[in-house]
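A.B. asks: Dropping a structure here in structure tokens format, bear with me for questions.
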Amino acid sequence: EQQLITLQKRVSAFDEMTGEKRQTKTKFDVAEVVKTVVSSHAREFERHDIEYEFPAAHLEVRAVKGMLIQIIENIVANAVYWLKQQARIEEDFSPMIRFVLDPKRKVLEISDNGPGVSPGRRERIFEPFITSKPPGQGRGLGLYICRELAVYHDWTLTMSNEVGTYRPGRLNTFVLDFEGEKDGRGS
């Protein structure tokens, strides 16, 4: 029964990306989208002992909901992959994904305590066909597509430049800025 509920949630999330709804902008709460994506991963999080944090906050945006689902889904899927890799090499590792939704700054931050990214690759990871995964594990298009979907909405998707939050010398936080290029940072 629980598997059917999970499957139903996943199908309904992807329904937002199909048919007429695909390009229709509507108003919705970003927090609800995050909760939908997280709930679709609940069993996987449970299997791999991945904890997650999502403090209560709300931010309404006008966007193509399916595209935001795809952005968050890809970042979460990447986090899960790297958290599982870290768990294989680090004894007593406690994998964690953290979501911070800041309505004042109009920003969603998604971070994990996995291996992270070197600061020198901060922008490179958003280029097409760039991946650190072994052959057959990824094509290097996920983050590129995510950034393109953000740009479509005049948002920015970057990695935070805060080095060492979880690991010395590494970046671990993606920042989706719903104010986008209006604040002069661009992508």
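Identifiers in this document derive from the order of the structure tokens: chains are assigned A, B, ..., residues are numbered from 1 separately in each chain, and ligands are numbered from 1 in order of occurrence.
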As a ChimeraX atom specification, please: all residues of region 21-167 of chain A that backbone DSSP puts in strand (DSSP E).
C.D. replies: /A:25-29,51-53,60-64,96-102,107-112,156-159
A.B. asks: Quick one: which region 31-78 of chain A residues come within 12 Å of region 155-173 of chain A, and what is the nearest atom pair for each with the distance in Å to one decimal, counting only C-alpha atoms, rows ordered by chain and ascending number, as JSON lines?
C.D. replies:
{"residue": "A:Val61", "atom": "CA", "partner": "A:Trp155", "partner_atom": "CA", "distance": 11.0}
{"residue": "A:Arg62", "atom": "CA", "partner": "A:Trp155", "partner_atom": "CA", "distance": 11.5}
{"residue": "A:Ala63", "atom": "CA", "partner": "A:Trp155", "partner_atom": "CA", "distance": 10.3}
{"residue": "A:Met67", "atom": "CA", "partner": "A:Trp155", "partner_atom": "CA", "distance": 12.0}
{"residue": "A:Leu68", "atom": "CA", "partner": "A:Trp155", "partner_atom": "CA", "distance": 10.7}
{"residue": "A:Ile71", "atom": "CA", "partner": "A:Leu157", "partner_atom": "CA", "distance": 9.3}
{"residue": "A:Ile72", "atom": "CA", "partner": "A:Leu157", "partner_atom": "CA", "distance": 10.8}
{"residue": "A:Ile75", "atom": "CA", "partner": "A:Thr173", "partner_atom": "CA", "distance": 10.0}
{"residue": "A:Val76", "atom": "CA", "partner": "A:Thr173", "partner_atom": "CA", "distance": 11.4}
{"residue": "A:Asn78", "atom": "CA", "partner": "A:Asn172", "partner_atom": "CA", "distance": 11.5}
A.B. asks: With only C-alpha atoms as the counted atoms, please give the residues lying no more than 12 Å from Phe93 (chain A), apart from itself and same-chain residues fewer than 3 positions off, as a PDB file with C-alpha atoms, in the first residue's frame.
C.D. replies:
ATOM      1  CA  HIS A  48      19.885   4.694   2.613  1.00  0.00           C
ATOM      2  CA  ASP A  49      19.377   6.369   6.025  1.00  0.00           C
ATOM      3  CA  ILE A  50      19.285   9.821   4.444  1.00  0.00           C
ATOM      4  CA  GLU A  51      17.939  12.461   6.780  1.00  0.00           C
ATOM      5  CA  LEU A  83      25.566  10.659  -0.506  1.00  0.00           C
ATOM      6  CA  LYS A  84      25.484   6.933  -1.286  1.00  0.00           C
ATOM      7  CA  GLN A  85      29.045   7.164  -2.643  1.00  0.00           C
ATOM      8  CA  GLN A  86      30.222   8.985   0.480  1.00  0.00           C
ATOM      9  CA  ALA A  87      28.558   6.378   2.721  1.00  0.00           C
ATOM     10  CA  ARG A  88      30.612   3.667   0.988  1.00  0.00           C
ATOM     11  CA  ILE A  89      33.921   5.305   1.866  1.00  0.00           C
ATOM     12  CA  GLU A  90      33.230   7.033   5.200  1.00  0.00           C
ATOM     13  CA  MET A  96      21.746  14.539   5.061  1.00  0.00           C
ATOM     14  CA  ASN A 113      26.906  16.696   3.294  1.00  0.00           C
ATOM     15  CA  GLY A 114      28.318  14.504   0.525  1.00  0.00           C
ATOM     16  CA  PRO A 115      31.718  14.932  -1.135  1.00  0.00           C
TER      17      PRO A 115
END
A.B. asks: Sorted by chain and rising residue number, which residues of region 140-176 of chain A lie within 7 Å of region 122-134 of chain A, and what are their closest atom pairs and distances in Å to one decimal, counting only C-alpha atoms, as a Markdown table?
C.D. replies:
| residue | atom | partner | partner_atom | distance |
| --- | --- | --- | --- | --- |
| A:Gly140 | CA | A:Phe129 | CA | 4.0 |
| A:Leu141 | CA | A:Pro128 | CA | 5.2 |
| A:Leu143 | CA | A:Phe126 | CA | 5.2 |
| A:Tyr144 | CA | A:Phe126 | CA | 4.6 |
| A:Arg147 | CA | A:Phe126 | CA | 6.9 |
| A:Met159 | CA | A:Arg122 | CA | 6.2 |
A.B. asks: Quick one, how far is CA of Val107 (chain A) from CA of Leu176 (chain A)?
C.D. replies: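 We find that CA of Val107 (chain A) and CA of Leu176 (chain A) lie 5.7 Å from each other.
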A.B. asks: For the alpha helix (DSSP H) assignment from backbone DSSP, which residues of region 33-90 of chain A qualify? Please present them as a ChimeraX atom specification.
C.D. replies: /A:33-40,42-47,65-89
A.B. asks: May I ask which of the residues A:Arg47, A:His153, A:Arg121, A:Lys35 is the closest one to Phe178 (chain A), counting only C-alpha atoms?
C.D. replies: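 Closest to Phe178 (chain A), using only C-alpha atoms: A:His153.
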A.B. asks: Between CA of Glu73 (chain A) and CA of Ser118 (chain A), what is the spacing in Å?
C.D. replies: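 Those two atoms sit 22.3 Å apart.
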